[in-house]
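Student: Shown below is the structure under consideration.
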Amino acid sequence: MIIGYQGETHSYSYRAARALFPDAELKGHPSFVRAFRSLRESAVSFLVLPIANSTTGPILPVLDRLVSADASIKAEHVIHVRHALLGVPGATLDDAKSVRSHPVALGQAEALLEERGWEAVATSDTAGAVREVAEHQDPS
């Protein structure tokens, strides 16, 4: 059985999929659209996707596609999210000019981003943002 999720390995959706299906093969998708396409094409048996967030509310892109895909929710897994600001070795908060993350995570940190004057840069998922920062080695 193959279980689909949106994001990269170690994203929140990956963690939920691994908790719900500990022995299954997991397949990440770069977007909700691609994840639902894989379900429609029977490339995966189930999807594990976020449907709500206690700070920003419903995840409308998922809920909209859930209805149009004629799919239904089979189970729920709650993830307690704790954000951390990560940077390259030697970087300081004063070096930071932008923060990369999933749009929902950026929304959760909106007050801090505005207070610090940091630019919010949306990425496909939080784990992908960590990978990008590590690859570019830019302290800003």
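Chain labels follow the order of the structure tokens: the first chain is A, the next B, and so on; residue numbering restarts at 1 in every chain, and ligands are counted from 1 in their shown order.
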When you look at range 47-59 of chain A with a cut-off of 6 Å (counting only C-alpha atoms), what residues show up, excluding the ones that are within fewer than 5 positions of it in the same chain? I need them as a VMD selection string.

Tutor: chain A and resid 3 to 5 13 17

Student: How about saving the chosen residues, C-alpha atoms kept, as a JSON list (two decimals), in the first residue's frame?

Tutor:
[["chain", "number", "residue", "atom", "x", "y", "z"],
["A", 3, "ILE", "CA", 0.23, 6.51, 1.09],
["A", 4, "GLY", "CA", 0.50, 9.99, -0.41],
["A", 5, "TYR", "CA", 1.14, 13.23, 1.42],
["A", 13, "SER", "CA", 2.09, 15.70, 6.60],
["A", 17, "ALA", "CA", 1.27, 9.74, 7.43]]

Student: Using only C-alpha atoms, which protein or nucleic acid residues come within 7 Å of Ala91 in chain A? Drop anything in the same chain fewer than 4 positions from it, and give the result as a compact mmCIF listing (two decimals) with C-alpha atoms, in the first residue's frame.

Tutor:
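Saved to part.txt:
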# COMPACT_ATOMS: atom_id res chain seq x y z
CA GLY A 87 19.52 29.40 9.83
CA ASP A 95 21.39 38.85 9.72
CA PRO A 139 22.62 33.92 6.38

Student: Apply DSSP to the structure's backbone, then extract all residues of range 44-120 of chain A labelled strand (DSSP E) and return them as a list of chain:residue names.

Tutor: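 Everything in range 44-120 of chain A that counts as strand (DSSP E) is A:Phe46, A:Leu47, A:Val48, A:Ala52, A:Asn53, A:Gly57, A:Pro58, A:Ser98, A:Val99, A:Arg100, A:Ser101, A:Glu119, A:Ala120.
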
Student: Generate a file of the selected residues that holds C-alpha atoms, formatted as a PDB file, in the first residue's frame.

Tutor:
ATOM      1  CA  PHE A  46      -4.854   7.090   0.615  1.00  0.00           C
ATOM      2  CA  LEU A  47      -3.758  10.685   1.160  1.00  0.00           C
ATOM      3  CA  VAL A  48      -2.746  12.215   4.473  1.00  0.00           C
ATOM      4  CA  ALA A  52      -7.445  22.534   9.599  1.00  0.00           C
ATOM      5  CA  ASN A  53      -5.070  24.571  11.677  1.00  0.00           C
ATOM      6  CA  GLY A  57      -8.418  27.792  10.419  1.00  0.00           C
ATOM      7  CA  PRO A  58      -9.456  25.456   7.603  1.00  0.00           C
ATOM      8  CA  SER A  98      13.522  36.801   5.087  1.00  0.00           C
ATOM      9  CA  VAL A  99      11.839  33.669   6.392  1.00  0.00           C
ATOM     10  CA  ARG A 100      11.008  30.722   4.127  1.00  0.00           C
ATOM     11  CA  SER A 101       8.204  28.306   4.984  1.00  0.00           C
ATOM     12  CA  GLU A 119      10.010  39.182   4.359  1.00  0.00           C
ATOM     13  CA  ALA A 120       7.793  36.080   4.210  1.00  0.00           C
TER      14      ALA A 120
END

Student: DSSP on the backbone, alpha helix (DSSP H) only: what residues of range 70-139 of chain A does that give? Format it as a count of residues only.

Tutor: 24

Student: Determine the nearest neighbour of Arg65 in chain A from the options A:Leu39, A:Val33, A:Ala96, A:Val88, counting only C-alpha atoms.

Tutor: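 Nearest to Arg65 in chain A: A:Val33.
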
Student: Using only C-alpha atoms, which residue out of A:Ser11, A:Gln6, A:Ser72, A:Ser45 lies closest to Gly28 in chain A?

Tutor: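 Closest to Gly28 in chain A, using only C-alpha atoms: A:Gln6.
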
Student: Any idea what the distance is between CA of Asp94 in chain A and CA of Ser124 in chain A?

Tutor: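 Computed distance, CA of Asp94 in chain A to CA of Ser124 in chain A, equals 25.8 Å.
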
Student: Of the candidates A:Leu93, A:Leu86, A:Leu26, A:Val104, which one gets nearest to Ile2 in chain A if we count only C-alpha atoms?

Tutor: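 Of A:Leu93, A:Leu86, A:Leu26, A:Val104, the one nearest Ile2 in chain A is A:Leu26, counting only C-alpha atoms.
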